[in-house]
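Content type PDB, C-alpha atoms, from the file upload-v2.pdb:
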MODEL        1
ATOM      1  CA  MET A   1      90.387  33.001 -27.346
ATOM      2  CA  ARG A   2      91.656  36.564 -27.624
ATOM      3  CA  GLU A   3      90.465  38.687 -24.706
ATOM      4  CA  ASP A   4      89.897  41.767 -26.863
ATOM      5  CA  LEU A   5      87.739  39.734 -29.270
ATOM      6  CA  TYR A   6      85.585  38.552 -26.366
ATOM      7  CA  TYR A   7      84.839  42.117 -25.317
ATOM      8  CA  ARG A   8      84.163  43.183 -28.901
ATOM      9  CA  LEU A   9      81.542  40.461 -29.269
ATOM     10  CA  ARG A  10      80.065  40.888 -25.797
ATOM     11  CA  VAL A  11      77.796  43.825 -26.621
ATOM     12  CA  VAL A  12      74.442  42.713 -25.204
ATOM     13  CA  PRO A  13      74.814  39.602 -23.016
ATOM     14  CA  ILE A  14      71.626  37.538 -22.832
ATOM     15  CA  HIS A  15      71.114  34.932 -20.105
ATOM     16  CA  VAL A  16      69.081  31.951 -21.349
ATOM     17  CA  PRO A  17      68.093  29.620 -18.485
ATOM     18  CA  PRO A  18      68.516  25.864 -19.092
ATOM     19  CA  LEU A  19      65.466  23.961 -20.287
ATOM     20  CA  ARG A  20      64.894  22.316 -16.895
ATOM     21  CA  GLU A  21      64.180  25.798 -15.496
ATOM     22  CA  ARG A  22      61.654  26.546 -18.263
ATOM     23  CA  PRO A  23      59.142  23.669 -18.112
ATOM     24  CA  GLU A  24      56.465  25.913 -19.603
ATOM     25  CA  ASP A  25      58.447  25.888 -22.880
ATOM     26  CA  ILE A  26      58.724  22.096 -23.140
ATOM     27  CA  PRO A  27      55.232  21.282 -24.550
ATOM     28  CA  LEU A  28      55.519  23.958 -27.241
ATOM     29  CA  LEU A  29      59.042  22.889 -28.216
ATOM     30  CA  ALA A  30      58.058  19.216 -28.273
ATOM     31  CA  GLU A  31      55.084  19.877 -30.569
ATOM     32  CA  TYR A  32      57.247  22.025 -32.840
ATOM     33  CA  PHE A  33      60.010  19.407 -33.104
ATOM     34  CA  LEU A  34      57.465  16.637 -33.669
ATOM     35  CA  SER A  35      55.804  18.432 -36.579
ATOM     36  CA  THR A  36      59.189  19.431 -38.054
ATOM     37  CA  TYR A  37      60.715  15.955 -37.979
ATOM     38  CA  TRP A  38      57.485  14.241 -39.024
ATOM     39  CA  VAL A  39      57.454  16.272 -42.225
ATOM     40  CA  ARG A  40      61.166  15.647 -42.746
ATOM     41  CA  HIS A  41      61.216  11.871 -42.208
ATOM     42  CA  ARG A  42      57.764  10.667 -43.275
ATOM     43  CA  ARG A  43      55.872  10.484 -46.535
ATOM     44  CA  LYS A  44      53.651  13.398 -47.412
ATOM     45  CA  GLY A  45      50.067  12.923 -46.250
ATOM     46  CA  GLU A  46      50.777  10.521 -43.377
ATOM     47  CA  THR A  47      48.670  11.364 -40.317
ATOM     48  CA  PHE A  48      50.537  13.203 -37.589
ATOM     49  CA  PRO A  49      50.918  11.403 -34.240
ATOM     50  CA  LYS A  50      49.931  13.097 -30.996
ATOM     51  CA  LEU A  51      51.720  13.416 -27.688
ATOM     52  CA  SER A  52      49.539  12.069 -24.879
ATOM     53  CA  ASP A  53      49.045  14.035 -21.653
ATOM     54  CA  GLY A  54      51.179  11.450 -19.890
ATOM     55  CA  ALA A  55      53.993  11.940 -22.391
ATOM     56  CA  ILE A  56      53.824  15.699 -21.904
ATOM     57  CA  ARG A  57      54.003  15.299 -18.123
ATOM     58  CA  THR A  58      56.994  12.990 -18.496
ATOM     59  CA  LEU A  59      58.768  15.487 -20.728
ATOM     60  CA  CYS A  60      58.065  18.327 -18.294
ATOM     61  CA  THR A  61      59.577  16.452 -15.334
ATOM     62  CA  HIS A  62      62.710  15.176 -17.113
ATOM     63  CA  PRO A  63      65.940  16.939 -15.976
ATOM     64  CA  TRP A  64      67.165  17.614 -19.565
ATOM     65  CA  ARG A  65      70.869  17.673 -18.809
ATOM     66  CA  GLY A  66      71.431  17.938 -22.572
ATOM     67  CA  ASN A  67      69.161  20.993 -22.712
ATOM     68  CA  VAL A  68      67.081  21.739 -25.833
ATOM     69  CA  ARG A  69      69.297  19.578 -28.054
ATOM     70  CA  GLU A  70      68.451  16.515 -25.934
ATOM     71  CA  LEU A  71      64.721  17.225 -26.270
ATOM     72  CA  GLN A  72      65.185  17.698 -30.001
ATOM     73  CA  ASN A  73      66.916  14.323 -30.351
ATOM     74  CA  VAL A  74      64.260  12.542 -28.279
ATOM     75  CA  ILE A  75      61.422  13.909 -30.407
ATOM     76  CA  GLU A  76      63.241  13.121 -33.676
ATOM     77  CA  HIS A  77      63.667   9.535 -32.498
ATOM     78  CA  VAL A  78      59.931   9.355 -31.800
ATOM     79  CA  ALA A  79      59.049  10.871 -35.192
ATOM     80  CA  VAL A  80      61.101   8.234 -36.999
ATOM     81  CA  LEU A  81      59.660   5.217 -35.161
ATOM     82  CA  THR A  82      56.043   6.172 -34.375
ATOM     83  CA  GLU A  83      53.209   4.878 -36.527
ATOM     84  CA  PRO A  84      51.073   7.450 -38.357
ATOM     85  CA  GLY A  85      48.177   8.711 -36.223
ATOM     86  CA  ALA A  86      49.486   7.004 -33.076
ATOM     87  CA  VAL A  87      49.219   8.440 -29.576
ATOM     88  CA  ILE A  88      52.712   8.785 -28.123
ATOM     89  CA  ARG A  89      52.859   7.379 -24.579
ATOM     90  CA  PRO A  90      55.486   7.959 -21.866
ATOM     91  CA  GLU A  91      57.007   4.544 -22.507
ATOM     92  CA  ASP A  92      57.548   5.514 -26.169
ATOM     93  CA  LEU A  93      59.970   8.280 -25.184
ATOM     94  CA  PRO A  94      63.650   7.239 -25.238
ATOM     95  CA  LEU A  95      64.560   8.965 -21.972
ATOM     96  CA  THR A  96      67.410   7.941 -19.732
ATOM     97  CA  ALA A  97      66.435   7.151 -16.127
ATOM     98  CA  GLU A  98      67.767  10.199 -14.321
ATOM     99  CA  ALA A  99      66.634  11.659 -11.051
ATOM    100  CA  ARG A 100      65.732  15.331 -11.076
ATOM    101  CA  PRO A 101      68.572  17.246  -9.437
ATOM    102  CA  ALA A 102      67.822  18.611  -5.993
ATOM    103  CA  VAL A 103      67.312  22.336  -5.650
ATOM    104  CA  SER A 104      70.461  24.017  -4.412
ATOM    105  CA  THR A 105      70.322  25.272  -0.848
ATOM    106  CA  ASN A 106      73.198  27.676  -1.449
ATOM    107  CA  PRO A 107      71.649  31.169  -1.715
ATOM    108  CA  ALA A 108      74.692  32.429  -3.628
ATOM    109  CA  SER A 109      73.703  30.330  -6.660
ATOM    110  CA  LEU A 110      70.435  32.257  -6.902
ATOM    111  CA  ILE A 111      71.630  35.688  -5.825
ATOM    112  CA  SER A 112      74.474  35.629  -8.363
ATOM    113  CA  THR A 113      71.919  35.953 -11.170
ATOM    114  CA  LEU A 114      70.193  38.922  -9.523
ATOM    115  CA  LEU A 115      73.143  41.106  -8.578
ATOM    116  CA  GLU A 116      72.167  44.062 -10.747
ATOM    117  CA  GLU A 117      68.559  44.222  -9.550
ATOM    118  CA  SER A 118      67.076  45.886  -6.501
ATOM    119  CA  TYR A 119      65.638  43.705  -3.740
ATOM    120  CA  HIS A 120      62.002  44.312  -4.698
ATOM    121  CA  VAL A 121      62.560  43.777  -8.434
ATOM    122  CA  ALA A 122      64.558  40.580  -7.838
ATOM    123  CA  ARG A 123      61.969  39.291  -5.372
ATOM    124  CA  GLU A 124      59.080  39.866  -7.765
ATOM    125  CA  ARG A 125      60.937  38.208 -10.633
ATOM    126  CA  VAL A 126      61.755  35.103  -8.587
ATOM    127  CA  ILE A 127      58.162  34.834  -7.336
ATOM    128  CA  ALA A 128      56.766  35.264 -10.859
ATOM    129  CA  GLN A 129      59.088  32.575 -12.213
ATOM    130  CA  PHE A 130      58.091  30.188  -9.433
ATOM    131  CA  GLU A 131      54.368  30.815  -9.974
ATOM    132  CA  MET A 132      54.582  30.195 -13.727
ATOM    133  CA  GLN A 133      56.586  26.981 -13.307
ATOM    134  CA  TYR A 134      54.316  25.766 -10.510
ATOM    135  CA  LEU A 135      51.176  26.424 -12.565
ATOM    136  CA  THR A 136      52.648  24.525 -15.523
ATOM    137  CA  TRP A 137      53.525  21.535 -13.353
ATOM    138  CA  LEU A 138      50.216  21.673 -11.484
ATOM    139  CA  LEU A 139      47.993  21.742 -14.576
ATOM    140  CA  SER A 140      50.008  18.924 -16.142
ATOM    141  CA  ARG A 141      49.664  16.770 -13.022
ATOM    142  CA  ALA A 142      45.932  17.458 -12.799
ATOM    143  CA  GLY A 143      45.383  16.678 -16.476
ATOM    144  CA  GLY A 144      43.993  20.158 -17.069
ATOM    145  CA  ASN A 145      41.252  19.732 -14.441
ATOM    146  CA  MET A 146      41.115  22.982 -12.452
ATOM    147  CA  SER A 147      39.165  21.467  -9.540
ATOM    148  CA  LYS A 148      41.727  18.676  -9.162
ATOM    149  CA  ALA A 149      44.569  21.185  -9.514
ATOM    150  CA  ALA A 150      43.073  23.303  -6.731
ATOM    151  CA  ARG A 151      42.821  20.254  -4.449
ATOM    152  CA  ILE A 152      46.460  19.321  -5.119
ATOM    153  CA  ALA A 153      47.639  22.875  -4.432
ATOM    154  CA  GLY A 154      45.374  23.316  -1.396
ATOM    155  CA  VAL A 155      43.846  26.539  -2.722
ATOM    156  CA  ASP A 156      40.572  27.704  -4.242
ATOM    157  CA  ARG A 157      40.055  27.550  -7.994
ATOM    158  CA  THR A 158      39.666  31.327  -8.010
ATOM    159  CA  THR A 159      43.231  31.611  -6.705
ATOM    160  CA  LEU A 160      44.528  29.563  -9.644
ATOM    161  CA  TYR A 161      42.498  31.548 -12.149
ATOM    162  CA  ARG A 162      43.816  34.761 -10.603
ATOM    163  CA  LEU A 163      47.421  33.556 -10.908
ATOM    164  CA  MET A 164      46.900  32.521 -14.508
ATOM    165  CA  GLU A 165      45.351  35.889 -15.266
ATOM    166  CA  ARG A 166      48.276  37.678 -13.601
ATOM    167  CA  HIS A 167      50.819  35.917 -15.793
ATOM    168  CA  GLY A 168      48.755  35.970 -18.991
ATOM    169  CA  LEU A 169      48.302  32.181 -19.075
ATOM    170  CA  GLN A 170      45.439  29.993 -20.181
ATOM    171  CA  ARG A 171      44.828  26.288 -20.556
ATOM    172  CA  SER A 172      45.632  24.871 -23.966
ATOM    173  CA  PRO A 173      42.320  24.010 -25.691
ATOM    174  CA  ASN A 174      43.464  20.502 -26.670
ATOM    175  CA  ALA A 175      45.907  19.463 -23.951
ATOM    176  CA  ALA A 176      46.667  19.699 -20.251
ATOM    177  CA  TRP A 177      49.161  22.487 -20.032
ATOM    178  CA  VAL A 178      49.137  26.258 -19.942
ATOM    179  CA  VAL A 179      50.145  28.629 -22.710
ATOM    180  CA  GLU A 180      50.420  32.355 -23.030
ATOM    181  CA  ARG A 181      47.068  34.016 -23.599
ATOM    182  CA  GLU A 182      46.627  35.650 -26.972
ATOM    183  CA  SER A 183      45.368  39.193 -26.895
ATOM    184  CA  THR A 184      41.717  39.354 -27.910
ATOM    185  CA  GLU A 185      41.337  43.064 -27.519
ATOM    186  CA  GLU A 186      40.373  44.871 -30.662
ATOM    187  CA  ALA A 187      40.614  48.526 -31.281
ATOM    188  CA  GLU A 188      37.314  50.250 -30.732
ATOM    189  CA  PRO A 189      35.917  51.844 -33.861
ATOM    190  CA  ALA A 190      36.469  55.539 -34.032
ATOM    191  CA  SER A 191      33.381  57.466 -33.047
ATOM    192  CA  GLN A 192      31.651  59.194 -35.906
ATOM    193  CA  PRO A 193      31.308  62.960 -35.622
ATOM    194  CA  GLN A 194      27.810  63.970 -34.610
ATOM    195  CA  PRO A 195      26.026  66.466 -36.873
ATOM    196  CA  GLN A 196      25.951  69.928 -35.387
ATOM    197  CA  PRO A 197      22.547  71.613 -35.043
ATOM    198  CA  GLN A 198      21.995  74.367 -37.575
ATOM    199  CA  PRO A 199      21.175  77.828 -36.185
ATOM    200  CA  ALA A 200      17.607  78.973 -36.679
ATOM    201  CA  ALA A 201      17.090  81.362 -39.586
TER     202      ALA A 201
ENDMDL
END
Spell out the structure here as structure tokens.
Amino acid sequence: MREDLYYRLRVVPIHVPPLRERPEDIPLLAEYFLSTYWVRHRRKGETFPKLSDGAIRTLCTHPWRGNVRELQNVIEHVAVLTEPGAVIRPEDLPLTAEARPAVSTNPASLISTLLEESYHVARERVIAQFEMQYLTWLLSRAGGNMSKAARIAGVDRTTLYRLMERHGLQRSPNAAWVVERESTEEAEPASQPQPQPQPAA
């Protein structure tokens, strides 16, 4: 590749972490791929299947060495073979038996991604990323039960609610994972001008 062409194209570099570092994205991507491939491969009107909580937990803990494309292929396979209206279980997912890679103990591998940030900014970003990933894993493991999640984490439920509030997360209404909270704030109606008292004649 021509070096000058590389620098012409490299205007705004964007770092996209691998899927295994974004477990909070996996449930949403899996649901999206499932609906997309179900419509593509099945007859119109056939009842959509549903990913069970166990299947979601399995997807969230898989190492995904093939990144998003691997997840996409797994879900397409499921969409082709699953019966209409079925509940997709962990054993229905065509996943290879891989162990999750150990976290690197080399600090250079982490610091290299934070070179252009100050200490406090980098520290807050790393902590925020950890908290969001931990909450996603925790709620999945507890099946959406906040009391059970608090027992697993060894904290009060109020601590979990406070963390979820801090990161704008909420439990999905129909499954055991967390999603970004939608803004419910509405603009307050403009106050009507009050009539001014008329001066006495």
ask   = Which polymer residues have any atom within 10 Å of an atom of A:Asp156, counting all atoms listed in the file, with same-chain residues fewer than 5 positions away left out, as a ChimeraX atom specification?
value = /A:146-147,149-151,161
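Environment of (47.9, 19.6, -9.2): residues at most 10 Å away, judged by all atoms listed in the file, are Tyr134, Leu135, Thr136, Trp137, Leu138, Leu139, Ser140, Arg141, Ala142, Gly143, Gly144, Asn145, Met146, Ser147, Lys148, Ala149, Ala150, Arg151, Ile152, Ala153 and Gly154 of chain A.
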ask   = When distances are computed from only C-alpha atoms, which of A:Arg89, A:Arg42, A:Arg20, A:Arg123 shows the smallest separation from A:Gly66?
value =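 Closest residue, counting only C-alpha atoms: A:Arg20.
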task = Go through A:Leu28, A:Leu93, A:Met132, A:Leu59 one by one, measure the shortest atom-to-atom distance of each to A:Val80 using all atoms listed in the file, and give the residue with the smallest value.
result = A:Leu93
Give me, as a JSON list (two decimals) with C-alpha atoms, keeping the file's coordinate frame, all polymer residues having an atom no more than 8 Å from A:Val74, counting only C-alpha atoms and skipping those fewer than 2 positions away in the same chain.
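For reference, result05.json as written:
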[["chain", "number", "residue", "atom", "x", "y", "z"],
["A", 70, "GLU", "CA", 68.45, 16.52, -25.93],
["A", 71, "LEU", "CA", 64.72, 17.23, -26.27],
["A", 72, "GLN", "CA", 65.18, 17.70, -30.00],
["A", 76, "GLU", "CA", 63.24, 13.12, -33.68],
["A", 77, "HIS", "CA", 63.67, 9.54, -32.50],
["A", 78, "VAL", "CA", 59.93, 9.36, -31.80],
["A", 93, "LEU", "CA", 59.97, 8.28, -25.18],
["A", 94, "PRO", "CA", 63.65, 7.24, -25.24],
["A", 95, "LEU", "CA", 64.56, 8.96, -21.97]]
